[in-house]
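Have a look at protein16.txt; it's compact mmCIF, C-alpha atoms:
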```
# COMPACT_ATOMS: atom_id res chain seq x y z
CA ARG A 1 93.64 78.83 93.38
CA GLU A 2 96.43 79.62 95.83
CA LEU A 3 95.86 82.96 97.55
CA PRO A 4 98.15 85.25 99.54
CA ILE A 5 96.97 86.77 102.80
CA TYR A 6 95.00 89.96 102.19
CA CYS A 7 93.73 90.38 105.75
CA VAL A 8 93.37 88.44 108.99
CA ASP A 9 90.25 87.21 110.75
CA ARG A 10 90.49 88.88 114.13
CA SER A 11 88.30 91.13 116.28
CA ASP A 12 90.78 92.63 118.74
CA GLY A 13 91.32 95.94 116.95
CA LYS A 14 94.74 95.07 115.57
CA ILE A 15 95.62 96.22 112.05
CA ALA A 16 98.87 96.54 110.09
CA ILE A 17 100.34 99.36 108.04
CA SER A 18 102.85 98.54 105.31
CA PHE A 19 105.10 100.59 103.05
CA ASP A 20 106.46 99.37 99.72
CA ALA A 21 109.87 100.83 98.84
CA ALA A 22 111.15 100.33 95.32
CA TRP A 23 112.32 103.67 93.96
CA GLY A 24 112.86 106.91 95.88
CA GLY A 25 114.20 107.24 99.42
CA ASP A 26 114.11 110.96 100.23
CA GLN A 27 111.02 110.81 102.46
CA THR A 28 111.81 107.61 104.31
CA GLU A 29 113.57 109.07 107.33
CA GLU A 30 110.74 111.56 107.92
CA ILE A 31 108.23 108.70 107.64
CA LEU A 32 110.20 106.95 110.37
CA ASN A 33 110.11 110.12 112.51
CA ILE A 34 106.33 110.34 112.15
CA LEU A 35 105.90 106.69 113.06
CA ASP A 36 108.09 107.24 116.13
CA ALA A 37 105.99 110.22 117.17
CA TYR A 38 102.87 108.05 117.18
CA GLY A 39 104.56 105.02 118.74
CA VAL A 40 103.79 102.88 115.70
CA LYS A 41 105.77 99.97 114.25
CA THR A 42 105.10 98.87 110.69
CA THR A 43 106.38 96.62 107.91
CA PHE A 44 108.51 97.91 105.03
CA PHE A 45 108.58 95.71 101.94
CA LEU A 46 111.92 96.46 100.27
CA VAL A 47 113.24 95.78 96.77
CA ASP A 48 116.89 94.80 96.44
CA ILE A 49 117.68 97.53 93.92
CA TRP A 50 116.31 100.03 96.49
CA SER A 51 118.28 98.45 99.31
CA GLU A 52 121.45 98.64 97.24
CA ARG A 53 120.93 102.39 96.72
CA PHE A 54 119.92 103.14 100.31
CA PRO A 55 121.72 100.73 102.64
CA GLU A 56 121.73 103.22 105.51
CA LEU A 57 117.96 103.55 105.28
CA VAL A 58 117.60 99.77 105.45
CA ARG A 59 119.67 99.79 108.62
CA GLU A 60 117.70 102.72 110.02
CA ILE A 61 114.34 101.02 109.37
CA ASP A 62 115.60 98.01 111.27
CA ARG A 63 117.24 100.07 114.03
CA ARG A 64 113.95 101.81 114.76
CA GLY A 65 112.20 98.50 115.28
CA HIS A 66 110.24 98.11 112.06
CA GLU A 67 109.82 94.84 110.24
CA ILE A 68 111.34 94.33 106.80
CA GLY A 69 109.68 92.16 104.18
CA ASN A 70 110.87 90.99 100.77
CA HIS A 71 109.51 92.85 97.74
CA SER A 72 111.76 91.08 95.19
CA THR A 73 115.14 91.93 93.72
CA SER A 74 114.25 93.89 90.57
CA HIS A 75 110.49 94.60 90.95
CA PRO A 76 109.35 92.43 88.02
CA HIS A 77 105.94 91.02 87.16
CA MET A 78 106.47 87.75 89.00
CA THR A 79 103.87 85.83 86.99
CA LYS A 80 106.09 86.16 83.92
CA LEU A 81 108.94 84.29 85.63
CA ASN A 82 109.57 80.58 85.98
CA GLU A 83 110.12 78.96 89.37
CA ASP A 84 113.90 79.30 89.23
CA LYS A 85 113.76 83.02 88.46
CA ILE A 86 111.13 83.61 91.15
CA ALA A 87 113.36 81.87 93.67
CA ARG A 88 116.35 83.98 92.61
CA GLU A 89 114.32 87.19 92.96
CA LEU A 90 113.57 86.24 96.55
CA THR A 91 116.99 84.93 97.51
CA ALA A 92 119.02 87.87 96.19
CA MET A 93 116.94 90.38 98.16
CA ASP A 94 117.32 88.43 101.38
CA ASP A 95 121.04 87.95 100.79
CA ARG A 96 121.31 91.72 100.66
CA LEU A 97 119.18 92.11 103.78
CA GLU A 98 121.28 89.62 105.69
CA SER A 99 124.48 91.42 104.69
CA LEU A 100 123.07 94.74 105.93
CA ILE A 101 121.26 93.83 109.15
CA GLY A 102 122.04 90.17 109.79
CA LYS A 103 118.43 89.09 109.24
CA ARG A 104 116.38 87.43 106.53
CA SER A 105 112.71 88.21 105.92
CA ALA A 106 109.75 85.89 106.43
CA LEU A 107 107.21 87.86 104.39
CA PHE A 108 107.00 88.42 100.64
CA ARG A 109 104.84 90.91 98.75
CA PRO A 110 104.78 90.44 94.96
CA PRO A 111 105.48 93.65 93.01
CA TYR A 112 102.33 95.18 91.49
CA GLY A 113 100.33 92.67 93.52
CA ASP A 114 100.99 90.32 90.61
CA TYR A 115 100.82 86.63 91.54
CA ASN A 116 99.60 83.23 90.43
CA ASN A 117 99.82 79.73 91.88
CA ARG A 118 103.44 79.37 90.78
CA VAL A 119 104.48 82.58 92.54
CA VAL A 120 102.66 81.76 95.77
CA LEU A 121 103.78 78.14 95.96
CA THR A 122 107.40 78.95 95.10
CA ALA A 123 107.54 81.65 97.78
CA ARG A 124 105.96 79.35 100.36
CA ALA A 125 108.41 76.58 99.48
CA GLN A 126 111.18 79.02 100.42
CA GLY A 127 109.53 79.74 103.76
CA TYR A 128 107.76 83.03 103.02
CA GLU A 129 104.24 84.03 103.93
CA VAL A 130 102.85 85.85 100.88
CA ILE A 131 101.19 89.16 101.83
CA GLN A 132 98.87 91.44 99.88
CA TRP A 133 96.64 94.16 101.37
CA SER A 134 92.96 94.78 102.08
CA VAL A 135 93.01 98.60 102.26
CA ASP A 136 94.69 100.43 99.37
CA SER A 137 95.51 104.07 100.03
CA LEU A 138 96.12 104.56 96.28
CA ASP A 139 98.74 107.07 97.37
CA TRP A 140 100.70 106.51 94.15
CA LYS A 141 97.88 108.17 92.19
CA ASN A 142 98.75 111.51 93.87
CA ARG A 143 95.15 112.63 94.26
CA GLY A 144 95.87 114.84 97.25
CA VAL A 145 96.17 114.61 101.01
CA ASP A 146 92.45 114.43 101.78
CA ASP A 147 91.87 111.61 99.31
CA LEU A 148 94.78 109.64 100.71
CA VAL A 149 93.59 110.05 104.29
CA GLN A 150 90.04 109.04 103.40
CA LYS A 151 91.16 105.96 101.47
CA ALA A 152 93.38 104.81 104.34
CA THR A 153 90.98 105.41 107.25
CA ARG A 154 87.44 104.82 105.98
CA ASN A 155 85.84 101.44 106.61
CA VAL A 156 88.96 99.96 108.20
CA LYS A 157 88.29 96.76 110.18
CA SER A 158 90.23 94.61 112.60
CA GLY A 159 92.72 92.46 110.73
CA ASP A 160 93.13 94.82 107.77
CA ILE A 161 96.49 95.44 106.09
CA ILE A 162 96.90 98.98 104.71
CA LEU A 163 99.18 99.71 101.75
CA PHE A 164 101.33 102.83 101.34
CA HIS A 165 104.44 103.68 99.33
CA ASN A 166 107.40 105.43 100.90
CA ASP A 167 107.87 107.82 97.98
CA SER A 168 104.29 108.87 97.23
CA LYS A 169 103.77 112.61 96.82
CA TYR A 170 101.52 113.32 99.80
CA ILE A 171 102.55 110.65 102.30
CA LEU A 172 104.34 113.02 104.69
CA GLN A 173 101.35 115.35 104.97
CA ALA A 174 98.80 112.55 105.16
CA LEU A 175 100.49 110.06 107.47
CA PRO A 176 100.04 111.97 110.75
CA ARG A 177 96.33 112.40 110.00
CA VAL A 178 96.02 108.72 109.10
CA LEU A 179 97.70 107.55 112.29
CA ASP A 180 95.71 109.97 114.42
CA SER A 181 92.43 108.81 112.87
CA LEU A 182 93.19 105.11 113.19
CA GLN A 183 94.30 105.44 116.80
CA LYS A 184 91.21 107.49 117.68
CA GLN A 185 89.10 104.73 116.12
CA GLY A 186 90.69 102.40 118.66
CA PHE A 187 92.96 100.41 116.37
CA GLU A 188 96.31 99.04 117.49
CA ILE A 189 98.79 99.25 114.62
CA VAL A 190 101.31 96.39 114.51
CA PRO A 191 103.78 94.94 111.99
CA VAL A 192 102.27 92.41 109.61
CA SER A 193 103.88 89.40 111.27
CA GLN A 194 102.25 90.37 114.57
CA LEU A 195 98.88 90.56 112.85
CA LEU A 196 99.09 87.01 111.53
CA LEU A 197 97.54 84.18 113.50
CA ASP A 198 99.51 81.49 115.30
CA GLY A 199 98.77 77.80 115.06
CA LYS A 200 96.98 76.02 112.27
CA THR A 201 95.39 78.43 109.80
CA THR A 202 93.72 78.54 106.43
CA ILE A 203 93.08 81.26 103.84
CA ASP A 204 89.51 81.65 102.64
CA THR A 205 88.33 82.62 99.17
CA GLN A 206 88.59 86.33 100.08
CA GLY A 207 92.24 86.02 101.10
CA ARG A 208 91.41 86.20 104.81
CA GLN A 209 93.67 84.19 107.09
CA LYS A 210 91.55 82.25 109.59
CA ALA A 211 92.30 79.90 112.46
CA VAL A 212 91.42 76.27 111.98
CA PRO A 213 89.42 75.25 115.06
CA ASN A 214 90.67 72.30 117.06
CA THR A 215 88.37 69.36 116.51
CA VAL A 216 88.56 66.85 119.33
CA PRO A 217 86.61 63.67 118.59
CA GLU A 218 83.82 62.99 121.05
CA VAL A 219 84.61 60.04 123.31
CA GLU A 220 81.81 57.53 123.49
CA ASN A 221 80.66 56.83 127.02
CA HIS A 222 80.09 53.10 127.74
CA ASP A 223 79.29 53.19 131.45
CA GLY A 224 75.67 54.17 131.03
CA ASN A 225 76.13 57.75 132.21
```

Here is a file; write its structure as structure tokens.
Amino acid sequence: RELPIYCVDRSDGKIAISFDAAWGGDQTEEILNILDAYGVKTTFFLVDIWSERFPELVREIDRRGHEIGNHSTSHPHMTKLNEDKIARELTAMDDRLESLIGKRSALFRPPYGDYNNRVVLTARAQGYEVIQWSVDSLDWKNRGVDDLVQKATRNVKSGDIILFHNDSKYILQALPRVLDSLQKQGFEIVPVSQLLLDGKTTIDTQGRQKAVPNTVPEVENHDGN
């Protein structure tokens, strides 16, 4: 089975925070202000229908130095689409992004976390790294600030990718506490692309991206030494 990247095998204290944006936009600028206050850069996975409604927010996310990933054009269940429709969902979103900020994305997060081999392989064929998450804040369930903070800060490990939504009910109250906790735990929060490993990698059965060690064949010594 083809797997996206859920987390990264690293021990240097780096983690990534990501925001999915598909519907509302009212809280986005304040989220950006909070991130600025803590000196944190993150990844926003944007849907094209959201980007069409909020082009100035797309530009502002980019202007403030955050990474933008592709979250599809219309937020469908990708596993219900054929390869051609999957490709169109990806291309239309990046066409919009390029028209707004002059950049195309390199990361794709399937809506609803819904993927299969066809989705992953089609996205990779178009040059995307497919990204899921290893820590789910469950902020969309609106269970309160304390619950959100606990979900997003408990048992976090190096290489984790944390999932939030830009329009969840308690994100503005919870985010400063989340960032404060993670930084006090010694984590360095980076955009997803900076969390990923360079060089030859593989993805294990848990969705963890790992480096493939260099294997240099041993040279046989014939001089008797």

Counting only C-alpha atoms, give me one row per residue of range 22-136 of chain A with an atom at most 9 Å from an atom of range 180-194 of chain A, showing the shortest contact pair and its distance in Å to one decimal, sorted by chain then residue number, as a tab-separated table.
```
residue	atom	partner	partner_atom	distance
A:Tyr38	CA	A:Asp180	CA	7.9
A:Val40	CA	A:Ile189	CA	6.3
A:Lys41	CA	A:Val190	CA	5.7
A:Thr42	CA	A:Pro191	CA	4.3
A:Thr43	CA	A:Pro191	CA	5.1
A:Phe44	CA	A:Pro191	CA	8.9
A:His66	CA	A:Pro191	CA	7.2
A:Glu67	CA	A:Pro191	CA	6.3
A:Ala106	CA	A:Ser193	CA	8.4
A:Leu107	CA	A:Ser193	CA	7.8
A:Ile131	CA	A:Val192	CA	8.5
```

Handout entry: Polymer residues at most 7 Å from His75 in chain A, all atoms listed in the file, same-chain spacing of 3 or more positions, as a list in words
Key =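 Near neighbours after the sequence-gap exclusion: Val47, Ser72 and Pro111 of chain A.
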
Practice task
Tell me which of A:Arg208, A:Arg154, A:Lys200, A:Arg118 sits closest to Ile86 in chain A, counting all atoms listed in the file.
Solution key: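 Of A:Arg208, A:Arg154, A:Lys200, A:Arg118, the one nearest Ile86 in chain A, counting all atoms listed in the file, is A:Arg118.
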
Problem - Test item: residues at most 10 Å from Leu175 in chain A, all atoms listed in the file, excluding those fewer than 4 positions along its chain, as a PyMOL selection string - result: chain A and resi 31+34-35+145+148-149+152+164+170-171+179-181

Completion exercise
Using only C-alpha atoms, the residue out of A:Asn33, A:Thr153, A:Gln206, A:Thr122 with shortest distance to Thr91 in chain A is A:Thr122

Exercise for the section: Take CA of Glu56 in chain A and CA of Leu100 in chain A and report the distance between them in Å, one decimal. Expected result: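 Taking CA of Glu56 in chain A as the start and CA of Leu100 in chain A as the end point, the length is 8.6 Å.
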
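Computed from the coordinates, the CA of Arg1 in chain A to CA of Gln132 in chain A distance equals 15.1 Å.
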
Practice task
Would you kindly return, as a ChimeraX atom specification, each protein, DNA or RNA residue with an atom no farther than 12 Å from any atom of Gly144 in chain A, considering all atoms listed in the file and excluding same-chain residues fewer than 4 positions away?
Solution key: /A:137-140,148-151,168-174

Handout entry: Counting only C-alpha atoms, the residue of A:Val119, A:Gly207, A:Pro176, A:Glu52 that sits nearest Asp36 in chain A
Key =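 Checking each candidate against Asp36 in chain A, we get A:Pro176 as the closest.
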
Exercise for the section: May I ask for the distance between CA of Ser51 in chain A and CA of Asn82 in chain A, given in Å to one decimal place? Expected result: 23.9 Å

Problem - Contacts of Leu57 in chain A at 9 Å (only C-alpha atoms; same-chain gap of 5+ positions) as a ChimeraX atom specification - result: /A:25,28-29,51,62

Handout entry: Ref. answer, residues at most 8 Å from (93.0, 84.2, 102.9) with only C-alpha atoms, as a list of chain:residue names
Key =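 Protein and nucleic acid residues near the point are A:Leu3, A:Pro4, A:Ile5, A:Tyr6, A:Cys7, A:Val8, A:Thr202, A:Ile203, A:Asp204, A:Thr205, A:Gln206, A:Gly207, A:Arg208, A:Gln209, A:Lys210.
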
Restricting it to C-alpha atoms, dump the selection as a CSV table (one decimal), in the coordinates of the input.
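Final output, result.csv:
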```
chain,number,residue,atom,x,y,z
A,3,LEU,CA,95.9,83.0,97.6
A,4,PRO,CA,98.2,85.2,99.5
A,5,ILE,CA,97.0,86.8,102.8
A,6,TYR,CA,95.0,90.0,102.2
A,7,CYS,CA,93.7,90.4,105.8
A,8,VAL,CA,93.4,88.4,109.0
A,202,THR,CA,93.7,78.5,106.4
A,203,ILE,CA,93.1,81.3,103.8
A,204,ASP,CA,89.5,81.6,102.6
A,205,THR,CA,88.3,82.6,99.2
A,206,GLN,CA,88.6,86.3,100.1
A,207,GLY,CA,92.2,86.0,101.1
A,208,ARG,CA,91.4,86.2,104.8
A,209,GLN,CA,93.7,84.2,107.1
A,210,LYS,CA,91.6,82.2,109.6
```

Exercise for the section: Identify which of the residues A:Gln27, A:Ser18, A:Asn116, A:Asn155 lies closest to Asn70 in chain A, counting all atoms listed in the file when measuring atom-to-atom distances. Expected result: A:Ser18

Problem - Close residues, Ala211 in chain A itself excluded, 8 Å, all atoms listed in the file, min 4 positions apart in chain, as a ChimeraX atom specification - result: /A:9,197-202

Limited to C-alpha atoms, could you put the picked residues into a file as a PDB file, in the frame of the given file?
```pdb
ATOM      1  CA  ASP A   9      90.250  87.210 110.750  1.00  0.00           C
ATOM      2  CA  LEU A 197      97.540  84.180 113.500  1.00  0.00           C
ATOM      3  CA  ASP A 198      99.510  81.490 115.300  1.00  0.00           C
ATOM      4  CA  GLY A 199      98.770  77.800 115.060  1.00  0.00           C
ATOM      5  CA  LYS A 200      96.980  76.020 112.270  1.00  0.00           C
ATOM      6  CA  THR A 201      95.390  78.430 109.800  1.00  0.00           C
ATOM      7  CA  THR A 202      93.720  78.540 106.430  1.00  0.00           C
TER       8      THR A 202
END
```

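Using all atoms listed in the file, the shortest contact distance between Gly39 in chain A and any of A:Arg177, A:Arg96, A:Arg64, A:His165 is found at A:Arg64.
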
Practice task
Rank A:Glu2, A:Asp20, A:Asp26, A:Asp146 by their smallest atom-to-atom distance to Val178 in chain A, using all atoms listed in the file, and report the top residue only.
Solution key: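 With all atoms listed in the file as the atom set, the closest residue is A:Asp146.
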